[in-house]
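Enquirer: Provided below: my_file-v6.cif, containing mmCIF, C-alpha atoms.
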```cif
data_final
#
loop_
_atom_site.label_atom_id
_atom_site.label_comp_id
_atom_site.auth_asym_id
_atom_site.auth_seq_id
_atom_site.Cartn_x
_atom_site.Cartn_y
_atom_site.Cartn_z
CA MET A 18 8.92 22.76 -19.24
CA LYS A 19 9.13 20.65 -16.07
CA LYS A 20 5.66 19.26 -16.74
CA TYR A 21 6.69 18.28 -20.28
CA ILE A 22 9.80 16.45 -19.05
CA VAL A 23 7.89 14.64 -16.30
CA TRP A 24 5.06 13.77 -18.71
CA SER A 25 7.54 12.48 -21.31
CA PHE A 26 9.34 10.37 -18.71
CA LEU A 27 6.09 8.82 -17.47
CA THR A 28 4.95 8.11 -21.02
CA LEU A 29 8.20 6.32 -21.84
CA LEU A 30 8.01 4.38 -18.57
CA PHE A 31 4.50 3.12 -19.33
CA ILE A 32 5.38 2.27 -22.94
CA GLY A 33 8.40 0.29 -21.73
CA CYS A 34 6.27 -1.61 -19.22
CA GLY A 35 3.75 -2.50 -21.92
CA ALA A 36 6.39 -4.20 -24.08
CA SER A 37 6.89 -7.15 -21.73
CA SER A 38 7.24 -10.78 -22.80
CA SER A 39 4.56 -13.40 -22.42
CA TYR A 40 5.17 -16.27 -20.01
CA PHE A 41 4.33 -19.86 -20.98
CA VAL A 42 3.99 -23.26 -19.28
CA LEU A 43 3.24 -26.63 -20.82
CA ALA A 44 -0.34 -27.72 -20.31
CA THR A 45 -1.08 -30.85 -18.28
CA PRO A 46 -3.31 -33.30 -20.16
CA SER A 47 -6.97 -33.01 -19.18
CA THR A 48 -7.52 -36.77 -19.36
CA ILE A 49 -5.02 -39.29 -18.08
CA LYS A 50 -5.38 -43.05 -18.37
CA THR A 51 -5.58 -44.66 -14.93
CA TYR A 52 -4.06 -47.97 -13.92
CA HIS A 53 -5.05 -50.17 -11.02
CA THR A 54 -2.21 -51.96 -9.27
CA ASN A 55 -2.17 -53.74 -5.95
CA ALA A 56 1.05 -52.52 -4.39
CA LEU A 57 2.92 -49.96 -6.40
CA PRO A 58 6.12 -49.00 -4.56
CA THR A 59 7.28 -45.49 -3.83
CA ILE A 60 8.50 -43.91 -7.07
CA GLY A 61 11.33 -41.42 -7.34
CA VAL A 62 11.61 -39.28 -10.47
CA ASP A 63 15.03 -37.80 -11.23
CA LYS A 64 15.13 -34.22 -12.49
CA ILE A 65 14.61 -34.43 -16.24
CA SER A 66 17.77 -33.71 -18.19
CA LEU A 67 17.38 -31.20 -21.06
CA PRO A 68 19.53 -29.84 -23.90
CA GLU A 69 21.29 -26.55 -23.20
CA TYR A 70 18.95 -24.49 -25.40
CA LEU A 71 16.00 -25.35 -23.13
CA GLN A 72 17.89 -24.20 -20.06
CA GLN A 73 17.92 -20.59 -21.27
CA ASN A 74 14.35 -19.94 -20.00
CA LYS A 75 13.49 -18.59 -23.46
CA ILE A 76 11.40 -20.43 -26.02
CA ALA A 77 13.75 -21.77 -28.66
CA ILE A 78 12.86 -22.33 -32.32
CA GLN A 79 15.12 -24.18 -34.74
CA LEU A 80 15.60 -22.15 -37.93
CA SER A 81 17.89 -24.57 -39.79
CA PRO A 82 19.73 -27.79 -38.99
CA THR A 83 22.49 -25.68 -37.41
CA GLN A 84 20.70 -22.53 -36.14
CA ILE A 85 18.46 -21.90 -33.13
CA SER A 86 16.67 -18.64 -32.40
CA TYR A 87 15.01 -17.49 -29.19
CA LYS A 88 11.59 -15.85 -29.12
CA SER A 89 10.92 -12.85 -26.89
CA ASP A 90 8.41 -15.03 -25.01
CA ILE A 91 9.80 -17.02 -22.10
CA TRP A 92 8.98 -20.06 -19.98
CA ALA A 93 7.32 -19.31 -16.65
CA GLY A 94 10.03 -21.21 -14.78
CA ASP A 95 12.96 -23.58 -15.02
CA MET A 96 12.02 -26.17 -17.68
CA GLU A 97 13.82 -29.06 -15.96
CA THR A 98 11.79 -28.46 -12.80
CA LEU A 99 8.50 -27.81 -14.63
CA LEU A 100 8.77 -30.96 -16.77
CA THR A 101 9.80 -33.09 -13.78
CA LYS A 102 6.80 -31.85 -11.75
CA ASP A 103 4.52 -32.53 -14.72
CA LEU A 104 5.80 -36.10 -15.05
CA ILE A 105 5.38 -36.66 -11.30
CA ALA A 106 1.79 -35.37 -11.44
CA THR A 107 0.99 -37.60 -14.43
CA ILE A 108 2.33 -40.71 -12.65
CA GLN A 109 0.46 -39.80 -9.45
CA LYS A 110 -2.83 -39.36 -11.29
CA SER A 111 -2.35 -42.45 -13.45
CA PHE A 112 -1.91 -44.74 -10.45
CA ASN A 113 -3.89 -42.73 -7.91
CA ASN A 114 -0.70 -42.87 -5.88
CA PRO A 115 0.59 -39.89 -3.90
CA TYR A 116 3.91 -41.67 -3.24
CA VAL A 117 5.70 -40.27 -6.27
CA TYR A 118 8.47 -37.86 -5.39
CA ALA A 119 11.40 -36.00 -6.85
CA TYR A 120 14.46 -38.24 -6.43
CA PRO A 121 16.52 -38.40 -4.24
CA TRP A 122 14.01 -38.36 -1.43
CA ASN A 123 16.25 -39.07 1.59
CA LEU A 124 14.87 -42.59 1.87
CA SER A 125 17.31 -44.29 -0.48
CA LYS A 126 17.15 -47.58 1.45
CA GLN A 127 13.39 -47.83 1.01
CA ALA A 128 12.43 -50.30 -1.70
CA GLY A 129 10.94 -48.57 -4.68
CA MET A 130 11.33 -47.49 -8.23
CA ARG A 131 13.40 -44.75 -9.82
CA VAL A 132 12.57 -43.10 -13.14
CA LYS A 133 15.16 -41.17 -15.17
CA VAL A 134 14.30 -39.20 -18.32
CA SER A 135 16.84 -37.50 -20.56
CA ILE A 136 15.54 -35.34 -23.40
CA SER A 137 18.02 -34.85 -26.25
CA ARG A 138 15.78 -32.82 -28.59
CA PHE A 139 12.61 -30.85 -27.81
CA ILE A 140 12.08 -28.02 -30.28
CA ALA A 141 9.94 -26.63 -33.08
CA TYR A 142 11.48 -26.86 -36.52
CA LYS A 143 9.51 -25.65 -39.53
CA ASP A 144 5.97 -26.93 -38.92
CA THR A 145 6.79 -29.76 -36.47
CA ILE A 146 7.62 -30.26 -32.80
CA TYR A 147 10.37 -32.85 -32.31
CA LEU A 148 10.82 -34.69 -29.04
CA ASP A 149 13.59 -37.28 -28.70
CA ALA A 150 14.39 -38.81 -25.33
CA ASN A 151 15.52 -41.88 -23.49
CA TRP A 152 14.25 -43.10 -20.17
CA GLU A 153 15.06 -45.74 -17.61
CA ILE A 154 12.95 -47.41 -14.94
CA TYR A 155 15.09 -48.84 -12.17
CA ASN A 156 13.74 -51.18 -9.48
CA ILE A 157 15.76 -50.29 -6.38
CA LYS A 158 14.87 -53.53 -4.57
CA THR A 159 15.73 -56.00 -7.36
CA GLN A 160 18.36 -53.74 -8.98
CA GLN A 161 16.87 -54.43 -12.40
CA SER A 162 16.41 -51.70 -14.95
CA PHE A 163 14.56 -51.21 -18.20
CA SER A 164 15.58 -48.51 -20.70
CA LYS A 165 14.03 -47.34 -23.91
CA LEU A 166 14.41 -44.67 -26.59
CA PHE A 167 11.47 -42.42 -27.38
CA SER A 168 10.76 -40.21 -30.38
CA THR A 169 7.64 -38.36 -31.48
CA THR A 170 6.62 -35.50 -33.73
CA VAL A 171 3.58 -33.21 -33.50
CA PRO A 172 2.53 -30.74 -36.20
CA THR A 173 2.49 -27.08 -35.19
CA LYS A 174 2.02 -23.54 -36.45
CA PRO A 175 4.85 -21.01 -36.04
CA ASP A 176 3.23 -18.75 -33.40
CA THR A 177 4.40 -19.20 -29.80
CA ALA A 178 1.01 -20.28 -28.43
CA SER A 179 0.77 -23.09 -31.01
CA VAL A 180 4.37 -24.16 -30.44
CA VAL A 181 3.82 -24.40 -26.66
CA ALA A 182 0.44 -26.17 -27.02
CA ASN A 183 1.98 -28.76 -29.32
CA MET A 184 5.05 -29.17 -27.12
CA SER A 185 2.54 -30.01 -24.38
CA LYS A 186 1.06 -32.72 -26.60
CA ALA A 187 4.50 -34.16 -27.36
CA PHE A 188 5.49 -34.23 -23.67
CA ALA A 189 2.14 -35.82 -22.78
CA LYS A 190 2.99 -38.64 -25.22
CA LEU A 191 6.32 -39.17 -23.47
CA SER A 192 4.69 -39.11 -20.00
CA THR A 193 2.03 -41.58 -21.14
CA THR A 194 4.66 -43.94 -22.56
CA VAL A 195 6.74 -43.87 -19.36
CA THR A 196 3.61 -44.41 -17.22
CA GLN A 197 2.54 -47.35 -19.39
CA GLN A 198 5.95 -48.96 -18.91
CA ILE A 199 5.68 -48.54 -15.13
CA ALA A 200 2.28 -50.26 -15.28
CA ASP A 201 3.72 -53.09 -17.39
CA LYS A 202 6.64 -53.65 -15.00
CA PHE A 203 4.51 -53.82 -11.82
#
```
Would you put the structure from the file into structure tokens?

Expert:
Amino acid sequence: MKKYIVWSFLTLLFIGCGASSSYFVLATPSTIKTYHTNALPTIGVDKISLPEYLQQNKIAIQLSPTQISYKSDIWAGDMETLLTKDLIATIQKSFNNPYVYAYPWNLSKQAGMRVKVSISRFIAYKDTIYLDANWEIYNIKTQQSFSKLFSTTVPTKPDTASVVANMSKAFAKLSTTVTQQIADKF
């Protein structure tokens, strides 16, 4: 009888361990357009602001205009931090410039540029990924800023892997647009 109880307990333990969630991250684009500038200043990137449903660490899907559902799959980290690091890496690679940091960087008096991104919608709804955001590039030295709205859609399938892959494409479009504006301003 003891063997049966122990065996049953171990079986349930292993079955429970096998029912874990999958962890996802957005993919970084494999090719990034590069820009050549003479003297790009140090760039600070503020932590990207996200809607509340993306701060739950679960992958959210919009079911109707007024209903959001969470999948059992989860993000492999805090989305604000992951997206901010991804944007920093894209800017670094685009300009071949290692002087792109998370803002504030304790050198606030150093001349440079500050980038702020606020995402208001980033979700799969029906067969489409929607990404709506606004961003601002602020020149710390001249105290001039440039702001713009951004909106894109990417088709998707309903499975989590497709949703995440297409969210990656949508965020890559945003990162590319912000990087292009930095290139245009300097």

Enquirer: Hey, what's within 10 Å of A:Thr101 if we count only C-alpha atoms and toss same-chain stuff fewer than 3 positions away? As a tab-separated table (two decimals) with C-alpha atoms, keeping the file's coordinate frame, please?

Expert:
```tsv
chain	number	residue	atom	x	y	z
A	62	VAL	CA	11.61	-39.28	-10.47
A	63	ASP	CA	15.03	-37.80	-11.23
A	64	LYS	CA	15.13	-34.22	-12.49
A	65	ILE	CA	14.61	-34.43	-16.24
A	66	SER	CA	17.77	-33.71	-18.19
A	96	MET	CA	12.02	-26.17	-17.68
A	97	GLU	CA	13.82	-29.06	-15.96
A	98	THR	CA	11.79	-28.46	-12.80
A	104	LEU	CA	5.80	-36.10	-15.05
A	105	ILE	CA	5.38	-36.66	-11.30
A	106	ALA	CA	1.79	-35.37	-11.44
A	107	THR	CA	0.99	-37.60	-14.43
A	118	TYR	CA	8.47	-37.86	-5.39
A	119	ALA	CA	11.40	-36.00	-6.85
A	133	LYS	CA	15.16	-41.17	-15.17
A	134	VAL	CA	14.30	-39.20	-18.32
```

Enquirer: Expand the PyMOL selection byres ((chain A and resi 157) around 7) into the individual residues it matches in the shown file, reporting them as a list in words.

Expert: Ala128, Gly129, Met130, Arg131, Tyr155, Asn156, Lys158, Thr159 and Gln160 of chain A

Enquirer: How many Å lie between atom CA of A:Ser81 and atom CA of A:Met184, rounded to one decimal?

Expert: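 So the two atoms, atom CA of A:Ser81 and atom CA of A:Met184, lie 18.6 Å apart.
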
Enquirer: Check which residues satisfy the PyMOL selection byres ((chain A and resi 39-46) around 6) in the file shown, then give them as number ranges by chain.

Expert: A: 38, 47-48, 90-93, 185

Enquirer: Translate the PyMOL selection byres ((chain A and resi 174) around 9) into a concrete residue list for this structure, as a list in words.

Expert: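 So the PyMOL selection byres ((chain A and resi 174) around 9) ends up selecting Lys143, Asp144, Thr145, Pro172, Thr173, Pro175, Asp176, Thr177, Ala178, Ser179, Val180 and Asn183 of chain A.
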
Enquirer: I want to know what sits within 12 Å of A:Pro68, based on all atoms listed in the file, with residues of the same chain fewer than 5 positions away left out; could you give that as a list in words?

Expert: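 Once the adjacent positions are removed, what remains is Gln73, Asn74, Ala77, Met96, Glu97, Ser135, Ile136, Ser137, Arg138, Phe139, Ile140, Leu148, Asp149 and Ala150 of chain A.
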
Enquirer: Record the distance separating atom CA of A:Thr193 and atom CA of A:Ala56, expressed in Å with one decimal.

Expert: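 Answer for the atom CA of A:Thr193 to atom CA of A:Ala56 separation: 20.0 Å.
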
Enquirer: So which residues touch A:Leu166 within 7 Å, counting all atoms listed in the file, skipping near sequence neighbours fewer than 2 positions away, as number ranges by chain?

Expert: A: 150-152, 168

Enquirer: What does the distance between atom CA of A:Ser86 and atom CA of A:Ile146 come to in Å, to one decimal place?

Expert: 14.7 Å

Enquirer: Fix up stretch 96-116 of chain A with N, CA, C and O atoms, then write it as a compact mmCIF listing (two decimals), in the frame of the given file.

Expert:
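This is the output file selection-v3.txt:
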```txt
# COMPACT_ATOMS: atom_id res chain seq x y z
N MET A 96 12.66 -25.07 -16.93
CA MET A 96 12.02 -26.17 -17.68
C MET A 96 12.32 -27.54 -17.07
O MET A 96 11.45 -28.42 -17.08
N GLU A 97 13.52 -27.76 -16.57
CA GLU A 97 13.82 -29.06 -15.96
C GLU A 97 12.88 -29.33 -14.79
O GLU A 97 12.32 -30.41 -14.65
N THR A 98 12.67 -28.32 -13.96
CA THR A 98 11.79 -28.46 -12.80
C THR A 98 10.34 -28.59 -13.24
O THR A 98 9.60 -29.46 -12.72
N LEU A 99 9.90 -27.76 -14.18
CA LEU A 99 8.50 -27.81 -14.63
C LEU A 99 8.16 -29.16 -15.26
O LEU A 99 7.11 -29.73 -14.97
N LEU A 100 9.03 -29.67 -16.12
CA LEU A 100 8.77 -30.96 -16.77
C LEU A 100 8.80 -32.10 -15.76
O LEU A 100 7.99 -33.03 -15.84
N THR A 101 9.72 -32.05 -14.80
CA THR A 101 9.80 -33.09 -13.78
C THR A 101 8.52 -33.10 -12.94
O THR A 101 7.94 -34.17 -12.69
N LYS A 102 8.05 -31.93 -12.53
CA LYS A 102 6.80 -31.85 -11.75
C LYS A 102 5.63 -32.35 -12.56
O LYS A 102 4.73 -33.01 -12.03
N ASP A 103 5.61 -32.07 -13.85
CA ASP A 103 4.52 -32.53 -14.72
C ASP A 103 4.53 -34.05 -14.83
O ASP A 103 3.47 -34.69 -14.75
N LEU A 104 5.70 -34.65 -14.99
CA LEU A 104 5.80 -36.10 -15.05
C LEU A 104 5.37 -36.73 -13.73
O LEU A 104 4.63 -37.72 -13.71
N ILE A 105 5.79 -36.16 -12.62
CA ILE A 105 5.38 -36.66 -11.30
C ILE A 105 3.87 -36.62 -11.16
O ILE A 105 3.24 -37.60 -10.74
N ALA A 106 3.25 -35.50 -11.54
CA ALA A 106 1.79 -35.37 -11.44
C ALA A 106 1.08 -36.39 -12.33
O ALA A 106 0.06 -36.97 -11.93
N THR A 107 1.60 -36.62 -13.52
CA THR A 107 0.99 -37.60 -14.43
C THR A 107 1.05 -39.00 -13.83
O THR A 107 0.06 -39.74 -13.86
N ILE A 108 2.19 -39.38 -13.27
CA ILE A 108 2.33 -40.71 -12.65
C ILE A 108 1.40 -40.82 -11.45
O ILE A 108 0.72 -41.84 -11.26
N GLN A 109 1.35 -39.78 -10.61
CA GLN A 109 0.46 -39.80 -9.45
C GLN A 109 -0.99 -40.01 -9.86
O GLN A 109 -1.70 -40.85 -9.28
N LYS A 110 -1.44 -39.26 -10.84
CA LYS A 110 -2.83 -39.36 -11.29
C LYS A 110 -3.10 -40.70 -11.96
O LYS A 110 -4.18 -41.27 -11.80
N SER A 111 -2.15 -41.20 -12.72
CA SER A 111 -2.35 -42.45 -13.45
C SER A 111 -2.53 -43.64 -12.52
O SER A 111 -3.28 -44.56 -12.82
N PHE A 112 -1.84 -43.62 -11.38
CA PHE A 112 -1.91 -44.74 -10.45
C PHE A 112 -2.69 -44.40 -9.18
O PHE A 112 -2.76 -45.23 -8.27
N ASN A 113 -3.22 -43.19 -9.12
CA ASN A 113 -3.89 -42.73 -7.91
C ASN A 113 -2.98 -43.00 -6.70
O ASN A 113 -3.38 -43.60 -5.71
N ASN A 114 -1.74 -42.57 -6.85
CA ASN A 114 -0.70 -42.87 -5.88
C ASN A 114 0.04 -41.59 -5.52
O ASN A 114 0.77 -41.04 -6.34
N PRO A 115 -0.12 -41.12 -4.28
CA PRO A 115 0.59 -39.89 -3.90
C PRO A 115 2.07 -40.11 -3.62
O PRO A 115 2.82 -39.16 -3.44
N TYR A 116 2.53 -41.36 -3.60
CA TYR A 116 3.91 -41.67 -3.24
C TYR A 116 4.84 -41.63 -4.44
O TYR A 116 5.57 -42.58 -4.72
```
